[in-house]
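For reference, data_17.cif (mmCIF, C-alpha atoms and all ligand atoms):
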data_query
loop_
_atom_site.label_atom_id
_atom_site.label_comp_id
_atom_site.auth_asym_id
_atom_site.auth_seq_id
_atom_site.Cartn_x
_atom_site.Cartn_y
_atom_site.Cartn_z
CA MET A 1 19.69 9.80 9.12
CA ALA A 2 18.10 13.00 7.90
CA ALA A 3 14.33 12.95 8.00
CA GLY A 4 12.73 13.12 4.58
CA ALA A 5 16.00 13.75 2.74
CA GLY A 6 15.92 13.77 -1.02
CA CYS A 7 14.46 15.87 -3.77
CA ARG A 8 10.81 16.75 -3.37
CA ARG A 9 8.92 18.08 -6.32
CA ARG A 10 6.76 21.16 -5.78
CA VAL A 11 3.31 20.71 -7.22
CA PHE A 12 1.55 23.76 -5.95
CA ALA A 13 1.60 26.99 -7.90
CA GLY A 14 0.70 29.84 -5.62
CA ALA A 15 -1.38 29.91 -2.48
CA GLY A 16 -2.71 26.40 -2.34
CA ILE A 17 -4.11 26.54 -5.86
CA ARG A 18 -3.57 23.36 -7.78
CA ARG A 19 -2.18 23.98 -11.25
CA LEU A 20 -4.32 22.12 -13.75
CA THR A 21 -2.72 20.83 -16.90
CA PRO A 22 -5.11 20.83 -19.83
CA PRO A 23 -5.52 17.40 -21.40
CA VAL A 24 -3.21 16.82 -24.36
CA SER A 25 -3.71 14.68 -27.40
CA ASP A 26 -1.22 11.85 -27.86
CA GLY A 27 -2.33 10.79 -31.32
CA THR A 28 -4.21 7.87 -29.81
CA TYR A 29 -6.82 10.02 -28.07
CA THR A 30 -7.80 13.61 -28.80
CA ALA A 31 -7.49 16.14 -26.00
CA ALA A 32 -11.29 16.10 -25.72
CA GLU A 33 -11.25 12.32 -25.32
CA VAL A 34 -8.54 12.45 -22.66
CA GLY A 35 -10.71 15.03 -20.89
CA GLU A 36 -13.73 12.74 -21.12
CA ILE A 37 -11.79 9.77 -19.72
CA ARG A 38 -10.41 11.94 -16.90
CA ARG A 39 -13.90 13.11 -15.99
CA ALA A 40 -15.03 9.48 -15.86
CA ILE A 41 -12.13 8.71 -13.49
CA ALA A 42 -12.84 11.75 -11.30
CA PHE A 43 -16.45 10.71 -10.90
CA LEU A 44 -15.48 7.21 -9.71
CA GLU A 45 -15.42 8.66 -6.22
CA ASN A 46 -19.19 9.06 -6.22
CA ARG A 47 -20.09 6.21 -8.52
CA PRO A 48 -23.45 4.74 -7.46
CA ALA A 49 -23.53 1.11 -6.31
CA VAL A 50 -25.76 0.11 -9.23
CA GLU A 51 -23.07 1.25 -11.70
CA ARG A 52 -20.44 -0.73 -9.83
CA ALA A 53 -22.70 -3.78 -9.95
CA ALA A 54 -23.30 -3.29 -13.70
CA ALA A 55 -19.52 -3.13 -14.29
CA GLU A 56 -18.99 -6.30 -12.27
CA THR A 57 -21.66 -8.13 -14.25
CA ALA A 58 -20.14 -6.94 -17.53
CA VAL A 59 -16.73 -8.23 -16.44
CA GLY A 60 -18.26 -11.54 -15.31
CA GLU A 61 -19.98 -11.98 -18.68
CA GLY A 62 -16.81 -11.13 -20.59
CA ARG A 63 -18.21 -7.90 -22.06
CA CYS A 64 -15.71 -5.66 -20.23
CA PRO A 65 -11.97 -6.31 -19.79
CA PRO A 66 -11.26 -6.23 -16.02
CA PRO A 67 -8.76 -3.30 -16.18
CA LEU A 68 -11.47 -1.17 -17.83
CA ALA A 69 -14.21 -1.95 -15.30
CA PRO A 70 -13.81 1.49 -13.65
CA LEU A 71 -14.56 3.09 -17.05
CA TRP A 72 -17.57 0.90 -17.85
CA GLY A 73 -19.82 3.98 -17.67
CA LEU A 74 -18.16 5.21 -20.89
CA SER A 75 -19.54 2.19 -22.76
CA VAL A 76 -22.93 3.94 -22.51
CA GLU A 77 -21.79 7.58 -22.77
CA ASN A 78 -19.34 7.10 -25.62
CA PRO A 79 -19.40 3.50 -26.93
CA ALA A 80 -16.95 4.22 -29.77
CA LEU A 81 -14.36 5.57 -27.34
CA PHE A 82 -14.88 2.64 -24.97
CA GLU A 83 -14.37 0.21 -27.85
CA ARG A 84 -11.06 1.87 -28.72
CA LEU A 85 -9.96 1.60 -25.10
CA CYS A 86 -10.73 -2.13 -25.24
CA GLY A 87 -8.35 -2.45 -28.18
CA ASP A 88 -5.60 -0.34 -26.60
CA ALA A 89 -2.90 -2.56 -25.08
CA LYS A 90 -1.69 0.32 -22.88
CA ALA A 91 -5.15 0.98 -21.45
CA LEU A 92 -5.36 -2.74 -20.69
CA ALA A 93 -1.92 -2.71 -19.04
CA TYR A 94 -2.22 0.55 -17.06
CA SER A 95 -6.00 0.68 -16.58
CA ILE A 96 -7.13 4.18 -15.53
CA PHE A 97 -3.64 5.12 -14.31
CA GLY A 98 -2.27 5.92 -17.78
CA PHE A 99 -4.66 8.87 -17.97
CA PHE A 100 -3.48 10.76 -14.89
CA PRO A 101 -1.76 14.09 -15.64
CA THR A 102 1.97 13.33 -15.25
CA ILE A 103 1.62 9.66 -16.04
CA HIS A 104 -0.23 10.13 -19.32
CA GLY A 105 2.93 11.47 -20.96
CA TRP A 106 5.00 8.58 -19.63
CA VAL A 107 2.58 5.93 -20.87
CA TYR A 108 1.48 7.39 -24.22
CA GLY A 109 4.16 9.91 -25.08
CA GLN A 110 7.38 7.90 -24.77
CA GLU A 111 8.91 5.03 -26.61
CA THR A 112 9.50 3.07 -23.42
CA PRO A 113 6.53 3.26 -21.08
CA PRO A 114 7.08 3.14 -17.30
CA ALA A 115 7.31 -0.06 -15.28
CA VAL A 116 4.25 -0.60 -13.13
CA ALA A 117 3.72 -2.57 -9.91
CA TRP A 118 0.48 -3.01 -8.02
CA GLU A 119 -0.07 -2.70 -4.28
CA GLY A 120 -2.83 -1.74 -1.88
CA ARG A 121 -4.53 -3.57 0.95
CA THR A 122 -7.14 -1.45 2.63
CA ARG A 123 -7.70 1.40 0.20
CA GLY A 124 -8.02 -0.48 -3.09
CA LEU A 125 -5.56 -0.70 -5.95
CA VAL A 126 -2.39 1.41 -5.65
CA ALA A 127 -0.30 1.83 -8.83
CA LEU A 128 3.46 2.33 -8.49
CA LEU A 129 4.90 3.74 -11.70
CA ASP A 130 8.63 3.82 -12.24
CA ASN A 131 9.75 6.02 -15.12
CA GLY A 132 13.49 5.74 -14.52
CA GLU A 133 14.63 9.01 -12.98
CA ASP A 134 11.09 9.88 -11.99
CA GLY A 135 8.20 7.89 -10.58
CA ALA A 136 4.76 8.26 -9.04
CA ALA A 137 2.34 6.38 -6.83
CA VAL A 138 -1.38 6.75 -7.49
CA LYS A 139 -3.86 5.67 -4.86
CA PRO A 140 -7.56 6.08 -4.17
CA LYS A 141 -8.18 8.59 -1.40
CA GLN A 142 -9.19 6.88 1.82
CA SER A 143 -10.66 9.80 3.73
CA ARG A 144 -12.15 13.15 2.77
CA ARG A 145 -9.15 15.21 3.89
CA GLU A 146 -6.35 12.78 3.03
CA ASP A 147 -5.13 14.94 0.14
CA GLU A 148 -4.90 17.98 2.43
CA ILE A 149 -3.01 16.01 5.08
CA ALA A 150 -0.68 14.41 2.51
CA ALA A 151 0.05 17.88 1.05
CA ILE A 152 1.08 19.20 4.48
CA ALA A 153 3.22 16.10 5.10
CA GLY A 154 4.81 16.58 1.67
CA GLU A 155 5.60 20.24 2.41
CA LEU A 156 7.19 19.19 5.70
CA ALA A 157 9.24 16.60 3.74
CA VAL A 158 7.83 14.00 6.11
CA GLY A 159 5.71 12.39 3.39
CA PRO A 160 6.07 12.09 -0.39
CA GLY A 161 5.61 15.27 -2.44
CA GLN A 162 2.09 15.49 -3.82
CA ARG A 163 1.40 16.05 -7.51
CA GLU A 164 -1.50 17.09 -9.62
CA SER A 165 -4.10 14.36 -9.52
CA LEU A 166 -7.72 13.62 -10.40
CA ALA A 167 -10.56 13.92 -7.90
CA GLY A 168 -10.73 10.97 -5.54
CA PHE A 169 -7.07 9.97 -5.96
CA LEU A 170 -3.67 11.01 -4.67
CA CYS A 171 -0.73 11.14 -7.04
CA GLU A 172 2.57 11.38 -5.22
CA ASP A 173 6.30 10.94 -5.64
CA LEU A 174 7.38 7.34 -5.81
CA VAL A 175 9.48 6.70 -2.74
CA ARG A 176 12.45 4.50 -3.54
CA GLY A 177 13.14 2.71 -0.34
CA ARG A 178 12.33 -0.36 1.61
CA PHE A 179 10.28 -0.97 4.70
CA PHE A 180 12.21 0.13 7.78
CA THR A 181 11.80 -3.44 9.05
CA GLU A 182 13.70 -4.74 5.98
CA LEU A 183 16.90 -2.83 6.74
CA PRO A 184 19.81 -5.26 7.13
CA VAL A 185 20.56 -5.50 10.84
CA GLU A 186 24.06 -6.94 10.23
CA THR A 187 25.36 -4.05 8.13
CA VAL A 188 23.72 -0.95 9.60
CA ALA A 189 25.91 0.84 12.16
CA GLU A 190 24.61 1.24 15.73
CA GLU A 191 24.46 5.03 15.60
CA SER A 192 22.32 4.86 12.46
CA TRP A 193 19.55 3.12 14.42
CA LEU A 194 19.67 5.92 16.97
CA GLU A 195 19.57 8.51 14.18
CA ALA A 196 16.70 6.73 12.49
CA GLY A 197 14.72 6.86 15.74
CA GLN A 198 15.55 10.56 16.13
CA GLY A 199 14.46 11.19 12.54
CA LEU A 200 11.11 9.50 13.11
CA GLY A 201 10.68 11.46 16.36
CA ARG A 202 11.26 14.73 14.50
CA MET A 203 8.88 13.71 11.72
CA MET A 204 6.15 12.90 14.25
CA ALA A 205 6.75 16.18 16.11
CA ALA A 206 6.49 18.08 12.80
CA LEU A 207 3.15 16.41 12.00
CA HIS A 208 1.85 17.07 15.50
CA GLY A 209 2.98 20.69 15.20
CA ARG A 210 0.55 21.01 12.29
CA GLY A 211 -2.24 19.21 14.15
CA ILE A 212 -1.95 15.93 12.25
CA CYS A 213 -2.55 12.73 14.17
CA TYR A 214 -0.91 10.02 12.04
CA ASN A 215 -3.08 7.38 13.69
CA ASP A 216 -1.48 4.25 12.21
CA ALA A 217 1.48 1.93 12.72
CA THR A 218 4.66 3.70 11.66
CA LEU A 219 7.73 1.53 12.29
CA SER A 220 6.13 -1.88 12.10
CA ASP A 221 2.76 -3.56 12.31
CA PRO A 222 2.52 -7.08 13.79
CA GLU A 223 3.26 -8.55 10.32
CA GLY A 224 6.42 -6.46 9.96
CA ARG A 225 4.97 -4.10 7.34
CA SER A 226 6.19 -0.59 7.83
CA HIS A 227 4.86 2.81 6.75
CA LEU A 228 8.34 4.23 7.18
CA LEU A 229 10.37 3.75 4.01
CA ALA A 230 14.14 4.09 4.25
CA ASP A 231 16.32 4.79 1.21
CA GLU A 232 19.94 3.93 0.55
CA ASN A 233 21.19 7.36 1.66
CA GLY A 234 19.53 7.20 5.04
CA GLY A 235 16.53 9.31 3.96
CA MET A 236 13.20 8.32 5.48
CA THR A 237 9.66 8.98 4.29
CA LEU A 238 6.37 8.23 5.96
CA ILE A 239 3.64 7.02 3.60
CA ASP A 240 -0.11 6.37 3.90
CA PHE A 241 -2.13 9.10 5.59
CA GLY A 242 -5.33 7.14 4.93
CA VAL A 243 -6.57 7.10 8.55
CA SER A 244 -4.74 10.23 9.70
CA VAL A 245 -6.83 13.01 11.21
CA LEU A 246 -6.22 16.75 10.96
CA LEU A 247 -7.23 18.26 14.28
CA ASP A 248 -7.35 21.90 13.13
CA GLN A 249 -11.09 22.08 13.84
CA HIS A 250 -10.93 20.19 17.13
CA PRO A 251 -13.20 19.79 19.12
CA ARG A 252 -15.30 19.65 15.94
CA LEU A 253 -14.69 16.38 14.11
CA GLU A 254 -16.59 14.77 11.24
CA GLY A 255 -18.13 11.32 11.65
CA GLU A 256 -15.49 9.80 9.39
CA GLU A 257 -12.70 11.31 11.50
CA VAL A 258 -14.26 10.07 14.72
CA PHE A 259 -14.60 6.62 13.16
CA ASN A 260 -10.95 6.62 12.05
CA LEU A 261 -9.87 7.46 15.60
CA LEU A 262 -12.29 4.88 17.01
CA ARG A 263 -11.17 2.00 14.79
CA THR A 264 -7.53 2.39 15.78
CA ASP A 265 -8.40 2.47 19.49
CA PRO A 266 -7.28 -0.86 21.01
CA MET A 267 -10.65 -1.05 22.78
CA PHE A 268 -12.53 -0.92 19.46
CA ARG A 269 -12.33 -4.69 18.97
CA VAL A 270 -13.99 -5.20 22.30
CA PHE A 271 -16.66 -2.57 21.61
CA ARG A 272 -17.31 -3.93 18.14
CA GLY A 273 -17.72 -7.42 19.53
CA MET A 274 -20.56 -6.09 21.68
CA ALA A 275 -22.22 -4.09 18.89
CA SER A 276 -24.72 -6.19 17.00
CA SER A 277 -26.19 -3.76 14.46
CA PRO A 278 -25.13 -0.77 12.33
CA GLU A 279 -27.13 1.39 14.76
CA ASP A 280 -24.96 0.11 17.62
CA ILE A 281 -21.82 1.10 15.68
CA GLN A 282 -23.37 4.50 15.02
CA GLY A 283 -24.00 4.81 18.76
CA LEU A 284 -20.36 3.93 19.43
CA VAL A 285 -19.18 6.63 17.01
CA TYR A 286 -21.49 9.15 18.68
CA ASP A 287 -20.23 8.35 22.18
CA TYR A 288 -16.61 8.29 21.03
CA GLY A 289 -17.03 11.65 19.30
CA ARG A 290 -18.27 13.16 22.55
CA ARG A 291 -15.32 11.69 24.41
CA LEU A 292 -12.85 13.06 21.84
CA ALA A 293 -14.47 16.51 22.04
CA GLY A 294 -13.77 16.49 25.77
CA MET A 295 -10.11 15.54 25.29
CA SER A 296 -7.28 17.96 24.63
CA ARG A 297 -5.59 17.93 21.22
CA GLU A 298 -2.38 16.74 22.90
CA ALA A 299 -4.17 13.80 24.48
CA ILE A 300 -5.47 12.71 21.06
CA LEU A 301 -2.05 13.19 19.42
CA SER A 302 -0.41 11.14 22.17
CA ARG A 303 -1.91 7.95 20.73
CA ASP A 304 0.76 8.23 18.02
CA LEU A 305 3.41 7.92 20.71
CA ARG A 306 1.75 4.76 22.02
CA PHE A 307 1.53 3.28 18.50
CA THR A 308 5.20 4.04 17.90
CA GLU A 309 6.22 2.48 21.23
CA GLN A 310 4.23 -0.59 20.19
CA GLY A 311 6.05 -0.58 16.83
CA ILE A 312 9.37 -0.35 18.66
CA GLY A 313 8.31 -3.53 20.47
CA PHE A 314 7.72 -5.31 17.13
CA VAL A 315 11.07 -3.97 15.86
CA ALA A 316 12.78 -5.41 18.95
CA GLN A 317 11.18 -8.81 18.30
CA ARG A 318 12.12 -8.84 14.61
CA MET A 319 15.43 -7.03 14.53
CA GLY A 320 16.74 -7.62 18.03
CA GLU A 321 16.49 -5.96 21.43
CA ARG A 322 19.52 -3.75 20.76
CA VAL A 323 18.02 -2.24 17.60
CA GLY A 324 14.67 -1.74 19.37
CA ALA A 325 16.35 0.01 22.30
CA LEU A 326 18.39 2.34 20.07
CA VAL A 327 15.42 3.26 17.89
CA GLY A 328 13.30 3.83 21.00
CA THR A 329 15.89 6.08 22.66
CA GLY A 330 16.34 8.02 19.43
CA PHE A 331 12.60 8.41 18.95
CA ARG A 332 12.07 9.87 22.42
CA GLU A 333 15.00 12.28 21.90
CA GLY A 334 13.84 13.32 18.45
CA TYR A 335 10.23 13.89 19.50
CA GLY A 336 11.53 16.11 22.29
N1 LIG B 401 4.56 7.03 -2.47
C1 LIG B 401 4.88 5.74 -2.45
N2 LIG B 401 6.08 5.32 -2.90
C2 LIG B 401 6.41 4.02 -2.92
N3 LIG B 401 5.59 3.03 -2.51
C3 LIG B 401 4.38 3.37 -2.05
C4 LIG B 401 3.96 4.74 -1.99
N4 LIG B 401 2.71 4.76 -1.48
C5 LIG B 401 2.36 3.49 -1.26
N5 LIG B 401 3.36 2.63 -1.59
C6 LIG B 401 3.34 1.15 -1.48
O1 LIG B 401 2.00 0.72 -1.60
C7 LIG B 401 1.58 0.09 -0.39
C8 LIG B 401 0.12 0.44 -0.10
O2 LIG B 401 -0.02 1.84 0.03
P1 LIG B 401 -0.74 2.50 1.28
O3 LIG B 401 -0.84 3.95 1.06
O4 LIG B 401 -0.06 2.04 2.53
O5 LIG B 401 -2.21 1.91 1.17
P2 LIG B 401 -3.02 0.82 2.03
O6 LIG B 401 -2.17 0.34 3.16
O7 LIG B 401 -4.15 1.60 2.54
O8 LIG B 401 -3.41 -0.20 1.05
C9 LIG B 401 2.56 0.53 0.67
O9 LIG B 401 2.72 -0.42 1.68
C10 LIG B 401 3.84 0.67 -0.14
O10 LIG B 401 4.45 -0.60 -0.31
MG MG B 402 -0.87 1.19 4.41
#

Go ahead and render the structure in this file as structure tokens.
Ligand SMILES: Nc1ncnc2c1ncn2[C@@H]1O[C@H](COP(=O)(O)OP(=O)(O)O)[C@@H](O)[C@H]1O
Ligand SMILES: [Mg+2]
Amino acid sequence: MAAGAGCRRRVFAGAGIRRLTPPVSDGTYTAAEVGEIRRAIAFLENRPAVERAAAETAVGEGRCPPPLAPLWGLSVENPALFERLCGDAKALAYSIFGFFPTIHGWVYGQETPPAVAWEGRTRGLVALLDNGEDGAAVKPKQSRREDEIAAIAGELAVGPGQRESLAGFLCEDLVRGRFFTELPVETVAEESWLEAGQGLGRMMAALHGRGICYNDATLSDPEGRSHLLADENGGMTLIDFGVSVLLDQHPRLEGEEVFNLLRTDPMFRVFRGMASSPEDIQGLVYDYGRRLAGMSREAILSRDLRFTEQGIGFVAQRMGERVGALVGTGFREGYG
């Protein structure tokens, strides 16, 4: 299987400068209104807790339709616009996601709007939009540098290609594939399991070559959910860089990065059990940060190899020892 096969859309114009599409009018909303709604979405990232609470109360009292809760601030800034959103069946069906750059045209500019499915466990609501030939996934950013990491992974064709988005969110190619763990064991040829392992090994080596620690389960978590999606043609894509850490500044790491490396450390559960206050957790992060600063980059990256070996163990349990062994052998070969 070729790692990251398939067509990847380029979203960057020039040296890392994101091309910004000006808002367009669709007849329902003027360009200025689309701009205002997009600004409201972009500011969600830093929305104060009191505004969140006000939106929740408004939903609870039936004054705000649940899909429009994120835009509740507009009810004060531009009540007439908010009222129109409340009467717009598409805004109720697609929530904020119909106003993202590429998606806006699909939702408001076509006769048949895209199919939408909802996902998301740890990061909040993830929208999966299928527009036939094309599709996109929109997800709230989970860490400060996730967009940067996802862009590198996209360039390497390890992760989905990244598209123009709004602040605080990633918008990326919709990967058409299933969890690696859902591949049919009966019909997949033996050498394909070996190739799949090699592909994942090469993908991991490519990420490590750019200083990215993936830092999450790849092949399978204990519940059999996989971050490796496999398509019908044998292409594989790694999704979800929410707790990944870019080690380009190592040994300097931000608190959030240290915490993301701490929380995926198998010892964290034990440590956390002993910590009784937020100050204790802060102390843990401080100590862990000092430990990480004293470790080599390779030693930090090597946790990905342990996580993958663990995933291979889950694969063996679910899909059989033979599959686990082939994927494991392939992975070690591919990583090199
Ligand atoms: N680019 C994508 N293409 C297709 N499906 C995706 C994509 N990104 C996420 N998903 C789906 O959404 C789920 C949640 O996304 P993920 O980024 O893993 O967020 P989290 O696990 O933090 O909630 C994934 O398990 C997958 O099923
Ligand atoms: Mg995930």

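Considering only C-alpha atoms and all ligand atoms, the residue among A:Pro114, A:Gly120, A:Pro48, A:Gly35 positioned nearest to ligand MG 402 (chain B) is A:Gly120.
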
message: as number ranges by chain, please: every protein or nucleic acid residue near ligand LIG 401 (chain B) (cut-off 10 Å, counting all atoms listed in the file).
response: A: 117-130, 135-142, 159-162, 170-179, 216, 225-229, 237-243

field: Shell of 10 Å around Leu156 (chain A), all atoms listed in the file, local chain residues under 4 positions omitted, as a ChimeraX atom specification
entry: /A:3-4,150-152,160-161,203,206-207,210

- request: Calculate how many Å separate CA of Val258 (chain A) from CA of Glu146 (chain A), rounding to one decimal.
  value: 14.4 Å

field: Computed interatomic separation between CA of Glu254 (chain A) and CA of Gly289 (chain A) (Å)
entry: 8.7 Å

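Checking A:Pro222, A:Gly87, A:Gly60, A:Gly235 one by one against Arg318 (chain A), counting all atoms listed in the file, you find the shortest gap at A:Pro222.
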
message: So the first atom is CA of Leu71 (chain A) and the second is CA of Ala40 (chain A); what is the distance between them in Å, to one decimal place?
response: 6.5 Å

query: Contacts of Arg202 (chain A) at 8 Å or less, counting all atoms listed in the file, minus same-chain residues fewer than 6 places along, as a PyMOL selection string?
result: chain A and resi 3+331+334-336

field: Expected residue set, 12 Å radius at (-13.6, 5.1, 17.0), all atoms listed in the file, as a PyMOL selection string
entry: chain A and resi 215+243+245+253-272+281-292+300

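Remark: for ligand MG 402 (chain B), the closest of the candidate residues A:Glu56, A:Asp221, A:Glu182, A:Glu51 is A:Asp221 (distances computed over all atoms listed in the file).
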
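Around Ala69 (chain A), within 7 Å and counting only C-alpha atoms, the residues found are A:Ala55, A:Val59, A:Cys64, A:Pro65, once anything fewer than 4 positions away on its own chain is removed.
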
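Among the candidate residues A:Ala299, A:Ile96, A:Ala217, A:Leu246, the one lying nearest to ligand MG 402 (chain B) is A:Ala217, with distances computed using only C-alpha atoms and all ligand atoms.
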
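Each of A:Leu219, A:Glu77, A:Glu298, A:Gln249 was compared to ligand MG 402 (chain B) using only C-alpha atoms and all ligand atoms, and A:Leu219 turns out to be the nearest.
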
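Shortest separation to Arg84 (chain A) among A:Met295, A:Leu183, A:Ile37, A:Leu44 occurs at residue A:Ile37, atoms counted being all atoms listed in the file.
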